[in-house]
>>> print(open('entry34.cif').read())   # mmCIF, C-alpha atoms
data_target
loop_
_atom_site.label_atom_id
_atom_site.label_comp_id
_atom_site.auth_asym_id
_atom_site.auth_seq_id
_atom_site.Cartn_x
_atom_site.Cartn_y
_atom_site.Cartn_z
CA MET K 217 102.09 120.47 109.00
CA GLY K 218 99.32 117.96 109.47
CA VAL K 219 99.73 114.24 109.71
CA VAL K 220 99.39 112.47 106.37
CA ALA K 221 97.08 109.46 106.48
CA GLU K 222 98.70 106.16 105.56
CA ARG K 223 97.89 105.22 102.00
CA ARG K 224 96.63 101.66 101.62
CA VAL K 225 96.73 99.42 98.56
CA LEU K 226 93.57 97.60 99.67
CA SER K 227 90.50 99.57 100.65
CA ASP K 228 88.98 98.93 104.07
CA GLU K 229 85.88 97.55 102.32
CA ALA K 230 87.95 95.07 100.31
CA TRP K 231 89.88 94.05 103.42
CA ALA K 232 86.63 93.50 105.37
CA TRP K 233 85.54 91.01 102.69
CA LEU K 234 88.95 89.37 102.36
CA GLU K 235 90.06 88.96 105.98
CA PRO K 236 87.59 86.26 107.14
CA GLN K 237 88.48 84.08 104.14
CA LEU K 238 92.23 84.00 104.80
CA PRO K 239 94.05 81.15 106.56
CA ASP K 240 94.55 81.29 110.31
CA ARG K 241 97.60 83.34 111.34
CA ARG K 242 98.40 81.01 114.25
CA PRO K 243 100.34 78.07 112.84
CA ARG K 244 100.50 74.78 114.70
CA ARG K 245 104.18 75.30 115.39
CA GLY K 246 106.72 78.07 115.05
CA VAL K 247 106.14 81.78 115.33
CA ARG K 248 103.01 83.70 114.48
CA TRP K 249 102.75 84.95 110.90
CA ARG K 250 103.13 88.60 110.03
CA ASP K 251 99.87 90.50 109.59
CA HIS K 252 98.06 89.24 106.47
CA ARG K 253 97.09 92.77 105.38
CA GLN K 254 100.71 93.97 105.33
CA VAL K 255 101.79 90.96 103.28
CA ILE K 256 98.86 91.09 100.83
CA GLU K 257 99.43 94.80 100.33
CA ALA K 258 103.11 94.09 99.61
CA ILE K 259 102.13 91.44 97.04
CA ALA K 260 99.52 93.76 95.48
CA TRP K 261 102.04 96.61 95.32
CA LYS K 262 104.58 94.36 93.63
CA CYS K 263 102.03 93.14 91.06
CA ARG K 264 100.64 96.63 90.41
CA THR K 265 104.03 98.26 89.89
CA GLY K 266 105.76 95.36 88.14
CA ALA K 267 108.74 95.80 90.43
CA ALA K 268 111.07 93.01 91.48
CA TRP K 269 110.44 91.30 94.81
CA ARG K 270 113.52 92.93 96.35
CA GLU K 271 112.14 96.40 95.55
CA ILE K 272 109.17 96.09 97.91
CA PRO K 273 109.57 98.91 100.46
CA ALA K 274 110.00 97.00 103.74
CA GLU K 275 109.37 100.09 105.87
CA ARG K 276 105.88 100.40 104.35
CA PHE K 277 105.03 96.75 103.79
CA ALA K 278 106.33 93.37 104.85
CA PRO K 279 109.90 92.34 104.00
CA TRP K 280 110.17 91.05 100.44
CA GLN K 281 111.11 87.55 101.61
CA THR K 282 107.91 87.28 103.66
CA ALA K 283 105.77 88.52 100.76
CA TYR K 284 107.45 86.14 98.31
CA GLU K 285 107.14 83.13 100.63
CA ARG K 286 103.46 83.82 101.39
CA GLN K 287 102.69 84.35 97.68
CA THR K 288 104.39 81.06 96.81
CA ARG K 289 102.81 79.12 99.69
CA TRP K 290 99.30 80.37 98.91
CA SER K 291 99.75 79.63 95.21
CA GLU K 292 100.77 76.04 95.96
CA ASP K 293 98.08 75.30 98.56
CA GLY K 294 95.22 76.81 96.52
CA THR K 295 94.46 79.80 98.74
CA TRP K 296 94.60 82.29 95.86
CA ALA K 297 92.40 80.05 93.68
CA ARG K 298 89.87 79.72 96.52
CA LEU K 299 89.81 83.50 97.06
CA PHE K 300 89.33 84.10 93.33
CA ALA K 301 86.46 81.59 93.18
CA ALA K 302 84.79 83.24 96.20
CA ALA K 303 85.16 86.72 94.69
CA GLN K 304 83.76 85.46 91.40
CA ALA K 305 80.79 83.78 93.12
CA ASP K 306 80.01 86.91 95.17
CA ALA K 307 80.21 89.17 92.12
CA ASP K 308 78.02 86.80 90.11
CA ALA K 309 75.43 86.55 92.90
CA SER K 310 75.21 90.34 93.19
CA GLY K 311 74.88 90.79 89.42
CA GLU K 312 78.22 92.58 89.03
CA LEU K 313 79.69 89.89 86.79
CA ASP K 314 78.88 89.67 83.09
CA TRP K 315 79.62 86.29 81.51
CA LEU K 316 79.22 87.51 77.91
CA VAL K 317 82.28 86.70 75.84
CA SER K 318 82.73 87.70 72.24
CA ALA K 319 85.46 86.62 69.87
CA ASP K 320 85.83 87.27 66.17
CA SER K 321 88.39 86.25 63.59
CA SER K 322 90.34 89.47 63.94
CA LEU K 323 91.25 88.51 67.51
CA VAL K 324 91.68 84.77 67.24
CA ARG K 325 94.93 83.63 65.65
CA VAL K 326 96.15 80.20 64.82
CA HIS K 327 99.02 78.83 66.88
CA GLN K 328 102.45 79.49 65.38
CA HIS K 329 102.98 75.80 64.65
CA GLY K 330 99.67 75.48 62.87
CA ALA K 331 100.01 78.57 60.69
CA ALA K 332 102.44 77.04 58.21
CA ALA K 333 101.56 73.39 58.72
CA ARG K 334 101.55 71.25 55.60
CA ARG K 335 98.12 69.90 54.78
CA ILE K 336 97.80 66.43 53.38
CA GLY K 337 94.39 65.50 52.04
CA GLY K 338 92.70 68.88 52.41
CA ASN K 339 91.33 70.46 55.55
CA ALA K 340 89.26 69.00 58.37
CA ALA K 341 86.02 69.40 56.40
CA THR K 342 87.26 67.52 53.31
CA ALA K 343 89.65 65.01 54.89
CA PRO K 344 88.47 61.39 54.81
CA GLY K 345 87.12 60.08 58.10
CA PRO K 346 88.19 56.95 59.94
CA ALA K 347 87.86 53.66 58.09
CA SER K 348 84.34 52.32 58.40
CA PRO K 349 83.60 48.64 59.11
CA PRO K 350 82.62 46.46 56.12
CA ASP K 351 79.01 46.60 55.12
CA THR K 352 77.26 43.41 56.24
CA VAL K 353 74.39 43.72 53.72
CA THR K 354 76.52 43.74 50.55
CA GLY K 355 79.16 41.36 51.85
CA GLY K 356 81.80 44.00 52.38
CA LYS K 357 81.36 45.65 48.96
CA VAL K 358 80.62 49.32 49.03
CA GLU K 359 79.19 50.66 45.79
#
>>> encode(input="entry34.cif", output="structure tokens")
Amino acid sequence: MGVVAERRVLSDEAWAWLEPQLPDRRPRRGVRWRDHRQVIEAIAWKCRTGAAWREIPAERFAPWQTAYERQTRWSEDGTWARLFAAAQADADASGELDWLVSADSSLVRVHQHGAAARRIGGNAATAPGPASPPDTVTGGKVE
């Protein structure tokens, strides 16, 4: 039997783009962080499968506690938002991103609290506007 190549969640091309944008693995104090690729692959596996954190296979990825803590830390400090913005900017610059958005009435629904709301005085188009100041030409009389 031949050796089976290790299956990755992230492609090598995606990792080459992602790696330089990640935080430094050498913290100012404490121990060195686990390899970013292992942890990101654990987080991606969890999101892709919809499994619980405790179901992440530790022998293949990072321990679930490490993946959970890194996910939470990077969500709080804005790392994920920064990576998303960089990916969006790169895709837009290369022409891979299409900003066209289309919405029609079959897709857009009113909020549940607005669907049965009582209307007093008609709708927004027919409702009276804010009170206007008195007319200075006619002495406050509006005819």
>>> resolve_selection(input="entry34.cif", expression="the PyMOL selection byres ((chain K and resi 238) around 12)", output="list in words")
Trp231, Ala232, Trp233, Leu234, Glu235, Pro236, Gln237, Pro239, Asp240, Arg241, Arg242, Asp251, His252, Arg253, Val255, Ile256, Arg286, Trp290, Gly294, Thr295, Trp296, Ala297, Arg298, Leu299, Phe300 and Ala302 of chain K
>>> atom_distance(input="entry34.cif", atom1="CA of Gly266 (chain K)", atom2="CA of Asp314 (chain K)")
27.9 Å
>>> atom_distance(input="entry34.cif", atom1="CA of Ala230 (chain K)", atom2="CA of Gly311 (chain K)")
17.5 Å
>>> atom_distance(input="entry34.cif", atom1="CA of Glu292 (chain K)", atom2="CA of Ile259 (chain K)")
15.5 Å
>>> resolve_selection(input="entry34.cif", expression="the PyMOL selection byres ((chain K and resi 269-280) around 7)", output="PyMOL selection string")
chain K and resi 254-255+257-258+262+267-268+281-284
